[in-house]
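This report refers to the structure that appears directly beneath it.
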Amino acid sequence: MNSRRRFLQQSGILSAGLLTNSQEIFKKNKKVGIQLYTLRDSIAKDVKGVIGKVAAAGYKEVETFGLNGEQKFFGLTVKEFGDLLKANNLTSPSGHYMPSKMLFDNGDGDDVKQLCDVGNTLGHKYIIIPYLEEGRRKSIDQYQALAERFNKAGEICKQHGQQLAYHNHDFEFIEMGGKRGYDVFLDNTDRDLLKMELDLYWVVRAGLDPVDIFKKQPGRFHLWHVKDMDKADKTKNTEAGSGSIDFKRLMSNAKLSGVKHFYLEQENNYVPDPFSSIQKSYKYIKNDLLK
């Protein structure tokens with residue numbers, strides 16, 4: 001009992017410390033990032049033009065998506081795509097990839113290694129699992145099996161210079177038999193082998209408070225998706241700062257979460273068009289959240 005009491009006291013001290021000077025991390029790094037999926041329709045048609053517009057809007061970091069079976073991004077080889085980012089003074093700390101053989105077939109990890117090679121070429125620090133198809137998440141047993149494979153994939157990433165992370169939607173927070181898939185991931189994976197990319201919109205959409213999730217495992221949420229919720233229709237996104245999510249409150253808990261990189265993402269409801277939307281969101285993040 002005494003050891004448990006000491007643990008709880010120490011945990012309280014740790015949480016208080018994490019809350020102190022919560023903006024300090026951003027004084028050193030005020031780079032605003034964007035998940036390129038925001039511009040998915042345009043980038044597929046004109047990758048060079050879109051990357052140029054992203055840089056012109058002020059963004060300094062991009063999170064990738066779209067690597068195809070031929071190991072190309074929108075018609076460019078991995079190296080060519082990396083060179084394009086460098087030419088526009090952009091860096092890419094992370095990318096969305098699905099090592100399906102490792103996760104679903106319990107493969108030998110070769111697909112994870114290949115993704116690490118891609119990440120190392122692009123300068124990633126994080127390989128992020130972006131989504132689970134419906135058939136992969138119908139039971140808590142499936143989540144538990146995935147947690148085991150996350151640990152294995154995370155170890156492979158570590159051995160090859162990358163950090164594995166997981167990006168959520170809202171379905172991970174649906175209760176099944178009194179348990180939630182997201183909690184299974186948090187509680188059954190090694191926090192050093194699997195970090196979390198918290199999509200703030202989807203947490204709020206699920207009816208939860210992101211800060212409560214930060215408190216469960218402080219320091220583990222290395223990446224955020226800053227995605228706002230339309231005030232009139234919660235099923236839609238909107239430009240950051242124009243919706244119903246209190247990002248200033250969440251930013252005041254930045255250090256508690258452990259966030260190192262955050263990305264604007266907007267999937268729909270652009271006003272008047274995607275490029276105007278990302279410019280408006282950038283101004284809000286830079287001038288209101290990071291001032």
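Chain labels follow the order of the structure tokens: the first chain is A, the next B, and so on; residue numbering restarts at 1 in every chain, and ligands are counted from 1 in their shown order.
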
>> I'd like to know which residues of range 152-290 of chain A are strand (DSSP E) (by DSSP, run on the backbone); could you write them as a PyMOL selection string?
In response: chain A and resi 163-167+175-176+179-180+194-199+223-226+228-229+237-238+261-264

Generate the output file for the selected residues, C-alpha atoms, as an mmCIF file, in the first residue's frame.
data_model
loop_
_atom_site.group_PDB
_atom_site.id
_atom_site.type_symbol
_atom_site.label_atom_id
_atom_site.label_comp_id
_atom_site.auth_asym_id
_atom_site.auth_seq_id
_atom_site.Cartn_x
_atom_site.Cartn_y
_atom_site.Cartn_z
ATOM 1 C CA GLN A 163 9.699 5.561 -34.316
ATOM 2 C CA LEU A 164 6.350 3.846 -34.834
ATOM 3 C CA ALA A 165 3.211 5.836 -34.019
ATOM 4 C CA TYR A 166 -0.551 5.403 -34.335
ATOM 5 C CA HIS A 167 -3.122 7.889 -35.650
ATOM 6 C CA GLU A 175 -16.863 0.678 -25.982
ATOM 7 C CA MET A 176 -16.977 -3.072 -26.572
ATOM 8 C CA LYS A 179 -13.337 -1.669 -23.030
ATOM 9 C CA ARG A 180 -12.120 0.734 -25.692
ATOM 10 C CA LEU A 194 4.626 3.089 -29.991
ATOM 11 C CA LYS A 195 3.933 6.806 -29.731
ATOM 12 C CA MET A 196 0.565 8.327 -30.508
ATOM 13 C CA GLU A 197 -0.546 10.886 -33.055
ATOM 14 C CA LEU A 198 -3.727 12.329 -31.577
ATOM 15 C CA ASP A 199 -6.259 13.601 -34.072
ATOM 16 C CA LEU A 223 2.117 14.384 -32.759
ATOM 17 C CA TRP A 224 -1.213 16.162 -33.145
ATOM 18 C CA HIS A 225 -3.616 16.714 -35.991
ATOM 19 C CA VAL A 226 -5.034 20.195 -35.568
ATOM 20 C CA ASP A 228 -11.323 21.898 -36.393
ATOM 21 C CA MET A 229 -14.997 20.960 -36.182
ATOM 22 C CA ASN A 237 -14.245 20.087 -40.733
ATOM 23 C CA THR A 238 -13.530 23.772 -41.040
ATOM 24 C CA HIS A 261 5.064 18.131 -34.141
ATOM 25 C CA PHE A 262 1.588 19.203 -35.109
ATOM 26 C CA TYR A 263 -0.113 19.296 -38.457
ATOM 27 C CA LEU A 264 -3.048 21.230 -39.800
#

>> Taking the DSSP secondary structure from the backbone, can you list the residues of range 146-226 of chain A that are helix (DSSP H, G or I), as a VMD selection string?
In response: chain A and resid 146 to 159 171 to 173 181 to 188 200 to 205 210 to 216

>> At a cut-off of 8 Å, using only C-alpha atoms, what residues contact Asp117 in chain A? Leave out same-chain residues fewer than 4 positions from it and give the result as a ChimeraX atom specification.
In response: /A:113,121,160

> Hey, which of A:Asp209, A:Asp230, A:Glu63, A:Asp170 ends up closest to Tyr126 in chain A? Count only C-alpha atoms.
Replying inline: A:Glu63

>> List as a PyMOL selection string the protein and nucleic acid residues near Pro130 in chain A, meaning an atom at most 8 Å away when only C-alpha atoms are counted, but skip any in the same chain fewer than 2 places from it.
In response: chain A and resi 96-98+128+132+166-168

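Take the candidates A:Pro218, A:Gly161, A:Gly154, A:Gly75 and check each one against Cys116 in chain A using only C-alpha atoms; the shortest distance goes to A:Gly161.
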
> Looking at A:Gly69, A:Ser92, A:His169, A:Ser277, which one is nearest to Glu134 in chain A, with distances taken over only C-alpha atoms?
Replying inline: A:His169
